[in-house]
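Below is query-v3.cif, holding mmCIF, N, CA and C atoms and all ligand atoms.
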```cif
data_data
loop_
_atom_site.label_atom_id
_atom_site.label_comp_id
_atom_site.auth_asym_id
_atom_site.auth_seq_id
_atom_site.Cartn_x
_atom_site.Cartn_y
_atom_site.Cartn_z
N MET V 1 4.35 -23.40 -7.68
CA MET V 1 4.40 -22.43 -6.56
C MET V 1 2.98 -22.05 -6.15
N ALA V 2 2.72 -22.11 -4.86
CA ALA V 2 1.39 -21.74 -4.36
C ALA V 2 1.20 -20.23 -4.44
N TRP V 3 -0.05 -19.82 -4.57
CA TRP V 3 -0.40 -18.40 -4.65
C TRP V 3 0.10 -17.65 -3.42
N LYS V 4 0.10 -18.34 -2.28
CA LYS V 4 0.54 -17.69 -1.04
C LYS V 4 2.04 -17.41 -1.02
N ASP V 5 2.80 -18.10 -1.85
CA ASP V 5 4.24 -17.85 -1.93
C ASP V 5 4.56 -16.68 -2.85
N ALA V 6 3.58 -16.25 -3.64
CA ALA V 6 3.83 -15.19 -4.61
C ALA V 6 3.94 -13.83 -3.92
N ALA V 7 4.91 -13.04 -4.38
CA ALA V 7 5.08 -11.69 -3.81
C ALA V 7 3.81 -10.87 -4.01
N LEU V 8 3.15 -11.07 -5.14
CA LEU V 8 1.93 -10.30 -5.44
C LEU V 8 0.84 -10.56 -4.39
N TYR V 9 0.71 -11.82 -3.97
CA TYR V 9 -0.27 -12.15 -2.93
C TYR V 9 0.02 -11.35 -1.68
N SER V 10 1.28 -11.37 -1.27
CA SER V 10 1.70 -10.72 -0.04
C SER V 10 1.54 -9.20 -0.13
N ILE V 11 1.90 -8.64 -1.29
CA ILE V 11 1.80 -7.18 -1.47
C ILE V 11 0.33 -6.75 -1.41
N LEU V 12 -0.53 -7.42 -2.16
CA LEU V 12 -1.94 -7.03 -2.23
C LEU V 12 -2.65 -7.20 -0.89
N ASN V 13 -2.24 -8.21 -0.12
CA ASN V 13 -2.88 -8.43 1.18
C ASN V 13 -2.12 -7.75 2.31
N THR V 14 -1.15 -6.92 1.98
CA THR V 14 -0.26 -6.23 2.94
C THR V 14 0.20 -7.18 4.06
N LYS V 15 0.77 -8.30 3.61
CA LYS V 15 1.31 -9.29 4.55
C LYS V 15 2.79 -9.03 4.77
N CYS V 16 3.34 -9.69 5.78
CA CYS V 16 4.76 -9.60 6.08
C CYS V 16 5.58 -10.07 4.87
N PRO V 17 6.57 -9.29 4.43
CA PRO V 17 7.34 -9.67 3.24
C PRO V 17 8.20 -10.92 3.46
N ARG V 18 8.56 -11.19 4.73
CA ARG V 18 9.46 -12.32 4.99
C ARG V 18 8.73 -13.65 5.06
N CYS V 19 7.53 -13.68 5.68
CA CYS V 19 6.84 -14.96 5.83
C CYS V 19 5.47 -15.01 5.14
N HIS V 20 4.97 -13.89 4.66
CA HIS V 20 3.65 -13.82 4.02
C HIS V 20 2.51 -14.24 4.95
N GLU V 21 2.73 -14.18 6.28
CA GLU V 21 1.70 -14.62 7.22
C GLU V 21 1.13 -13.45 8.02
N GLY V 22 2.01 -12.74 8.75
CA GLY V 22 1.55 -11.67 9.62
C GLY V 22 1.05 -10.46 8.85
N ASP V 23 0.14 -9.69 9.45
CA ASP V 23 -0.40 -8.49 8.80
C ASP V 23 0.46 -7.27 9.11
N MET V 24 0.69 -6.44 8.10
CA MET V 24 1.43 -5.20 8.31
C MET V 24 0.58 -4.16 9.04
N PHE V 25 -0.73 -4.21 8.81
CA PHE V 25 -1.62 -3.22 9.40
C PHE V 25 -2.64 -3.91 10.30
N PRO V 26 -3.04 -3.23 11.41
CA PRO V 26 -4.03 -3.84 12.30
C PRO V 26 -5.35 -4.05 11.55
N LYS V 27 -6.07 -5.10 11.91
CA LYS V 27 -7.34 -5.40 11.25
C LYS V 27 -8.41 -4.35 11.57
N GLY V 28 -9.29 -4.12 10.61
CA GLY V 28 -10.45 -3.26 10.85
C GLY V 28 -10.16 -1.77 10.90
N THR V 29 -9.00 -1.34 10.39
CA THR V 29 -8.68 0.08 10.43
C THR V 29 -8.61 0.68 9.03
N PHE V 30 -9.00 -0.09 8.03
CA PHE V 30 -8.80 0.33 6.65
C PHE V 30 -9.50 1.64 6.30
N TYR V 31 -10.82 1.72 6.58
CA TYR V 31 -11.52 2.95 6.26
C TYR V 31 -11.82 3.79 7.48
N ASN V 32 -10.89 3.76 8.41
CA ASN V 32 -10.96 4.65 9.57
C ASN V 32 -9.91 5.73 9.32
N PHE V 33 -10.37 6.96 9.08
CA PHE V 33 -9.43 7.98 8.63
C PHE V 33 -8.42 8.44 9.66
N ARG V 34 -8.63 8.07 10.91
CA ARG V 34 -7.60 8.41 11.89
C ARG V 34 -6.65 7.24 12.10
N LYS V 35 -7.05 6.06 11.63
CA LYS V 35 -6.25 4.87 11.96
C LYS V 35 -5.67 4.12 10.77
N PHE V 36 -6.06 4.51 9.55
CA PHE V 36 -5.63 3.69 8.41
C PHE V 36 -4.10 3.66 8.25
N SER V 37 -3.41 4.69 8.80
CA SER V 37 -1.96 4.75 8.63
C SER V 37 -1.20 4.04 9.76
N GLU V 38 -1.92 3.55 10.75
CA GLU V 38 -1.23 2.83 11.83
C GLU V 38 -0.70 1.50 11.33
N MET V 39 0.51 1.17 11.75
CA MET V 39 1.10 -0.10 11.33
C MET V 39 1.40 -0.95 12.55
N ASN V 40 1.39 -2.27 12.35
CA ASN V 40 1.89 -3.14 13.39
C ASN V 40 3.39 -2.95 13.45
N GLU V 41 3.95 -3.03 14.67
CA GLU V 41 5.38 -2.79 14.81
C GLU V 41 6.19 -3.91 14.16
N LYS V 42 5.76 -5.15 14.40
CA LYS V 42 6.47 -6.26 13.78
C LYS V 42 5.51 -7.40 13.45
N CYS V 43 6.01 -8.35 12.68
CA CYS V 43 5.20 -9.47 12.23
C CYS V 43 4.84 -10.37 13.42
N SER V 44 3.56 -10.71 13.54
CA SER V 44 3.11 -11.55 14.65
C SER V 44 3.60 -12.98 14.49
N CYS V 45 4.04 -13.32 13.29
CA CYS V 45 4.46 -14.70 13.01
C CYS V 45 5.98 -14.87 13.09
N CYS V 46 6.74 -14.09 12.31
CA CYS V 46 8.19 -14.29 12.26
C CYS V 46 8.97 -13.21 12.99
N GLY V 47 8.31 -12.15 13.43
CA GLY V 47 9.00 -11.10 14.19
C GLY V 47 9.72 -10.06 13.36
N GLN V 48 9.55 -10.12 12.04
CA GLN V 48 10.14 -9.12 11.15
C GLN V 48 9.61 -7.72 11.51
N HIS V 49 10.54 -6.75 11.69
CA HIS V 49 10.10 -5.38 11.96
C HIS V 49 9.56 -4.75 10.69
N PHE V 50 8.45 -4.06 10.83
CA PHE V 50 7.84 -3.44 9.65
C PHE V 50 8.39 -2.04 9.38
N GLU V 51 9.19 -1.52 10.30
CA GLU V 51 9.92 -0.29 10.00
C GLU V 51 11.39 -0.57 10.31
N PRO V 52 12.10 -1.21 9.35
CA PRO V 52 13.47 -1.70 9.59
C PRO V 52 14.41 -0.60 10.07
N GLU V 53 14.22 0.64 9.63
CA GLU V 53 15.05 1.74 10.10
C GLU V 53 14.20 3.01 10.08
N PRO V 54 14.58 4.03 10.88
CA PRO V 54 13.78 5.27 10.89
C PRO V 54 13.76 5.90 9.50
N GLY V 55 12.62 6.39 9.10
CA GLY V 55 12.51 7.03 7.79
C GLY V 55 12.49 6.06 6.64
N PHE V 56 12.32 4.77 6.95
CA PHE V 56 12.34 3.74 5.91
C PHE V 56 11.31 4.03 4.80
N TYR V 57 10.16 4.56 5.20
CA TYR V 57 9.07 4.71 4.23
C TYR V 57 9.09 6.01 3.43
N TYR V 58 10.15 6.83 3.60
CA TYR V 58 10.23 8.02 2.74
C TYR V 58 10.21 7.62 1.27
N GLY V 59 10.92 6.53 0.98
CA GLY V 59 11.00 6.07 -0.40
C GLY V 59 9.66 5.61 -0.95
N ALA V 60 8.76 5.21 -0.05
CA ALA V 60 7.43 4.77 -0.49
C ALA V 60 6.66 5.91 -1.13
N MET V 61 7.11 7.14 -0.88
CA MET V 61 6.45 8.30 -1.50
C MET V 61 6.57 8.25 -3.02
N PHE V 62 7.66 7.67 -3.51
CA PHE V 62 7.82 7.58 -4.97
C PHE V 62 6.79 6.61 -5.55
N VAL V 63 6.56 5.51 -4.83
CA VAL V 63 5.55 4.55 -5.27
C VAL V 63 4.18 5.23 -5.23
N SER V 64 3.94 5.95 -4.15
CA SER V 64 2.68 6.67 -3.97
C SER V 64 2.48 7.71 -5.07
N TYR V 65 3.56 8.37 -5.44
CA TYR V 65 3.51 9.37 -6.50
C TYR V 65 3.10 8.72 -7.83
N ALA V 66 3.64 7.53 -8.08
CA ALA V 66 3.27 6.80 -9.31
C ALA V 66 1.78 6.46 -9.30
N PHE V 67 1.28 6.02 -8.13
CA PHE V 67 -0.16 5.72 -8.01
C PHE V 67 -0.99 6.98 -8.26
N SER V 68 -0.55 8.10 -7.68
CA SER V 68 -1.29 9.35 -7.83
C SER V 68 -1.36 9.77 -9.29
N THR V 69 -0.26 9.58 -10.01
CA THR V 69 -0.24 9.89 -11.43
C THR V 69 -1.25 9.01 -12.18
N ALA V 70 -1.27 7.72 -11.82
CA ALA V 70 -2.22 6.79 -12.44
C ALA V 70 -3.66 7.22 -12.15
N ILE V 71 -3.91 7.65 -10.90
CA ILE V 71 -5.26 8.12 -10.53
C ILE V 71 -5.62 9.34 -11.38
N PHE V 72 -4.68 10.27 -11.49
CA PHE V 72 -4.89 11.49 -12.27
C PHE V 72 -5.29 11.15 -13.71
N ILE V 73 -4.54 10.25 -14.34
CA ILE V 73 -4.82 9.87 -15.73
C ILE V 73 -6.16 9.15 -15.82
N GLY V 74 -6.41 8.25 -14.85
CA GLY V 74 -7.68 7.51 -14.83
C GLY V 74 -8.88 8.43 -14.72
N VAL V 75 -8.79 9.41 -13.82
CA VAL V 75 -9.89 10.37 -13.62
C VAL V 75 -10.12 11.19 -14.88
N TRP V 76 -9.04 11.61 -15.49
CA TRP V 76 -9.11 12.41 -16.71
C TRP V 76 -9.81 11.64 -17.84
N ILE V 77 -9.38 10.39 -18.03
CA ILE V 77 -9.98 9.56 -19.08
C ILE V 77 -11.46 9.31 -18.78
N ALA V 78 -11.76 8.95 -17.51
CA ALA V 78 -13.15 8.68 -17.12
C ALA V 78 -14.03 9.90 -17.35
N LEU V 79 -13.53 11.07 -16.94
CA LEU V 79 -14.30 12.30 -17.12
C LEU V 79 -14.56 12.61 -18.59
N SER V 80 -13.54 12.42 -19.41
CA SER V 80 -13.72 12.77 -20.83
C SER V 80 -14.69 11.83 -21.54
N PHE V 81 -14.95 10.64 -20.93
CA PHE V 81 -15.99 9.76 -21.48
C PHE V 81 -17.37 10.20 -21.00
N MET V 82 -17.43 10.81 -19.81
CA MET V 82 -18.72 11.14 -19.20
C MET V 82 -19.28 12.48 -19.65
N VAL V 83 -18.42 13.46 -19.88
CA VAL V 83 -18.91 14.80 -20.27
C VAL V 83 -18.27 15.24 -21.59
N LYS V 84 -18.96 16.20 -22.23
CA LYS V 84 -18.46 16.69 -23.53
C LYS V 84 -17.14 17.42 -23.37
N GLU V 85 -17.12 18.32 -22.37
CA GLU V 85 -15.92 19.12 -22.18
C GLU V 85 -15.50 19.08 -20.71
N VAL V 86 -14.28 18.66 -20.45
CA VAL V 86 -13.78 18.58 -19.08
C VAL V 86 -13.28 19.96 -18.66
N THR V 87 -13.92 20.53 -17.64
CA THR V 87 -13.46 21.83 -17.14
C THR V 87 -12.47 21.62 -16.00
N LEU V 88 -11.75 22.66 -15.67
CA LEU V 88 -10.76 22.59 -14.61
C LEU V 88 -11.42 22.29 -13.26
N THR V 89 -12.54 22.98 -12.99
CA THR V 89 -13.28 22.77 -11.73
C THR V 89 -13.70 21.31 -11.59
N MET V 90 -14.28 20.77 -12.66
CA MET V 90 -14.70 19.36 -12.68
C MET V 90 -13.53 18.44 -12.34
N MET V 91 -12.42 18.70 -13.01
CA MET V 91 -11.22 17.89 -12.86
C MET V 91 -10.72 17.94 -11.41
N ILE V 92 -10.69 19.14 -10.84
CA ILE V 92 -10.18 19.31 -9.48
C ILE V 92 -11.08 18.58 -8.48
N ILE V 93 -12.39 18.76 -8.63
CA ILE V 93 -13.33 18.11 -7.71
C ILE V 93 -13.23 16.59 -7.82
N ALA V 94 -13.22 16.09 -9.05
CA ALA V 94 -13.12 14.64 -9.26
C ALA V 94 -11.81 14.10 -8.70
N LEU V 95 -10.75 14.85 -8.86
CA LEU V 95 -9.43 14.42 -8.36
C LEU V 95 -9.41 14.36 -6.84
N ILE V 96 -9.94 15.42 -6.21
CA ILE V 96 -9.94 15.46 -4.74
C ILE V 96 -10.73 14.27 -4.19
N ILE V 97 -11.91 14.03 -4.77
CA ILE V 97 -12.73 12.90 -4.30
C ILE V 97 -11.98 11.57 -4.47
N SER V 98 -11.41 11.35 -5.66
CA SER V 98 -10.75 10.05 -5.87
C SER V 98 -9.49 9.89 -5.04
N VAL V 99 -8.75 10.97 -4.86
CA VAL V 99 -7.53 10.88 -4.05
C VAL V 99 -7.88 10.56 -2.59
N VAL V 100 -8.92 11.22 -2.08
CA VAL V 100 -9.32 10.99 -0.68
C VAL V 100 -9.86 9.57 -0.51
N VAL V 101 -10.73 9.15 -1.44
CA VAL V 101 -11.32 7.81 -1.33
C VAL V 101 -10.25 6.72 -1.47
N LEU V 102 -9.28 6.96 -2.35
CA LEU V 102 -8.26 5.94 -2.59
C LEU V 102 -7.04 6.08 -1.68
N LEU V 103 -7.05 7.08 -0.79
CA LEU V 103 -5.90 7.32 0.07
C LEU V 103 -5.43 6.10 0.86
N PRO V 104 -6.34 5.40 1.57
CA PRO V 104 -5.87 4.23 2.34
C PRO V 104 -5.25 3.16 1.45
N ILE V 105 -5.83 2.95 0.26
CA ILE V 105 -5.29 1.94 -0.66
C ILE V 105 -3.92 2.37 -1.14
N ASN V 106 -3.82 3.62 -1.55
CA ASN V 106 -2.57 4.18 -2.03
C ASN V 106 -1.49 4.09 -0.96
N PHE V 107 -1.81 4.54 0.24
CA PHE V 107 -0.87 4.54 1.35
C PHE V 107 -0.36 3.14 1.67
N ARG V 108 -1.30 2.20 1.81
CA ARG V 108 -0.91 0.85 2.22
C ARG V 108 -0.18 0.09 1.13
N LEU V 109 -0.67 0.21 -0.10
CA LEU V 109 0.00 -0.50 -1.20
C LEU V 109 1.40 0.05 -1.42
N SER V 110 1.57 1.36 -1.31
CA SER V 110 2.89 1.96 -1.50
C SER V 110 3.88 1.40 -0.48
N ARG V 111 3.45 1.37 0.79
CA ARG V 111 4.34 0.85 1.84
C ARG V 111 4.60 -0.63 1.66
N SER V 112 3.56 -1.35 1.26
CA SER V 112 3.69 -2.79 1.06
C SER V 112 4.69 -3.09 -0.06
N ILE V 113 4.54 -2.39 -1.19
CA ILE V 113 5.46 -2.60 -2.31
C ILE V 113 6.88 -2.24 -1.87
N TRP V 114 7.01 -1.12 -1.17
CA TRP V 114 8.33 -0.63 -0.76
C TRP V 114 9.07 -1.65 0.10
N ILE V 115 8.40 -2.18 1.13
CA ILE V 115 9.10 -3.12 2.03
C ILE V 115 9.37 -4.45 1.31
N HIS V 116 8.52 -4.82 0.35
CA HIS V 116 8.74 -6.06 -0.39
C HIS V 116 9.95 -5.96 -1.33
N ILE V 117 10.33 -4.74 -1.68
CA ILE V 117 11.52 -4.56 -2.53
C ILE V 117 12.77 -4.94 -1.74
N PHE V 118 12.76 -4.65 -0.42
CA PHE V 118 13.98 -4.81 0.37
C PHE V 118 14.05 -6.10 1.18
N ILE V 119 12.91 -6.68 1.50
CA ILE V 119 12.94 -7.88 2.33
C ILE V 119 12.41 -9.07 1.53
N ARG V 120 13.24 -10.10 1.45
CA ARG V 120 12.93 -11.27 0.64
C ARG V 120 12.09 -12.28 1.40
N TYR V 121 11.33 -13.05 0.67
CA TYR V 121 10.51 -14.12 1.22
C TYR V 121 11.39 -15.28 1.68
N LYS V 122 11.15 -15.73 2.93
CA LYS V 122 11.95 -16.84 3.46
C LYS V 122 11.16 -18.13 3.64
N GLY V 123 9.89 -18.10 3.29
CA GLY V 123 9.03 -19.26 3.49
C GLY V 123 8.21 -19.09 4.75
N PRO V 124 7.29 -20.04 5.02
CA PRO V 124 6.42 -19.96 6.19
C PRO V 124 7.24 -19.78 7.48
N CYS V 125 6.70 -19.01 8.44
CA CYS V 125 7.51 -18.66 9.61
C CYS V 125 7.80 -19.84 10.53
N ASN V 126 7.04 -20.94 10.43
CA ASN V 126 7.33 -22.06 11.31
C ASN V 126 8.54 -22.88 10.84
N THR V 127 9.11 -22.54 9.69
CA THR V 127 10.27 -23.27 9.20
C THR V 127 11.60 -22.65 9.63
N TYR V 128 11.54 -21.49 10.31
CA TYR V 128 12.77 -20.89 10.80
C TYR V 128 12.49 -20.06 12.05
N LYS V 129 13.52 -19.77 12.80
CA LYS V 129 13.38 -18.95 14.00
C LYS V 129 13.80 -17.52 13.67
N ASN V 130 13.40 -16.58 14.52
CA ASN V 130 13.73 -15.17 14.33
C ASN V 130 15.23 -14.97 14.12
ZN ZN V 201 6.55 -12.47 9.09
#
```
As structure tokens:
Amino acid sequence: MAWKDAALYSILNTKCPRCHEGDMFPKGTFYNFRKFSEMNEKCSCCGQHFEPEPGFYYGAMFVSYAFSTAIFIGVWIALSFMVKEVTLTMMIIALIISVVVLLPINFRLSRSIWIHIFIRYKGPCNTYKN
């Protein structure tokens, strides 16, 4: 199996879950804080809608919550290696910085994982019609 057929490839590159070709998010908006949450309406290759039904991405909040917990634990461990005693203020500041910096990654990966759970890979889009 080619790397491009792997769900992991498609999830990490936020590609269309059905064909692994089209982009879920417009190019060049990743670290633009007003635009990182904009999504393409549908896949440019196979026409798969990226919001299959209204409110589809509410469930992605659970994935996002898991990421946030991982960030929290990561920050805590990192801090306890760097300083003798981790204070609450330190923890809060470090958390705010990491959550804000990682927000686009968290947001996009959560949505990408979520849609990949529900829509199966059908192969390259030139092998089938919409
Ligand atoms: Zn597609």
message: If the limit is 8 Å from any atom of ligand ZN 201 (chain V), counting only N, CA and C atoms and all ligand atoms, which residues qualify? Return them as a count of residues only.
response: 19
query: With distances taken over all atoms listed in the file, which of V:Trp114, V:Tyr121, V:Phe81, V:Tyr9 is nearest to V:Val63?
result: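 Distance minimum relative to V:Val63 lands on V:Trp114.
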task: Would you please work out which residue, of V:Asn126, V:Thr14, V:Asn40, V:Thr69, is nearest to V:Ile113 when using only N, CA and C atoms?
output: V:Thr14
- request: Write out as number ranges by chain all residues of stretch 2-128 of chain V that backbone DSSP assigns to helix (DSSP H, G or I).
  value: V: 3-5, 7-12, 56-82, 88-118, 125-127
message: Using only C-alpha atoms, can you tell me which of V:Ala66, V:Ile96, V:Met91, V:Ala7 comes closest to V:Ala78?
response: V:Met91
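Across the structure, atom CA of V:Ile92 and atom CA of V:Tyr65 are spaced 17.2 Å apart.
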task: Have a look at atom N of V:Ala60 and atom N of V:Glu38 and let me know their distance in Å, one decimal.
output: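 Taking atom N of V:Ala60 and atom N of V:Glu38, their separation equals 15.3 Å.
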field: strand (DSSP E or B) per DSSP on the backbone: members of stretch 10-52 of chain V, as a ChimeraX atom specification
entry: /V:15,23,42,49
- request: Would you list the contacts of V:Glu51 as a list in words, taking every protein, DNA or RNA residue within 9 Å and counting only C-alpha atoms, but skipping same-chain residues closer than 4 positions in sequence?
  value: Met39, Glu41, Lys42, Gly55, Phe56, Tyr57 and Ile115 of chain V
Shell around V:Asn106 at 7 Å using only N, CA and C atoms, local window under 5 positions removed, as a PyMOL selection string: chain V and resi 64+67+111
field: Pick from V:His116, V:Gly123, V:Val83, V:Tyr128 nearest to V:Ser10, counting all atoms listed in the file
entry: V:His116
message: Can you measure atom C of V:Arg108 to atom N of V:Ala70 for me? One decimal in Å is fine.
response: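 Computing it gives 15.1 Å between the two atoms.
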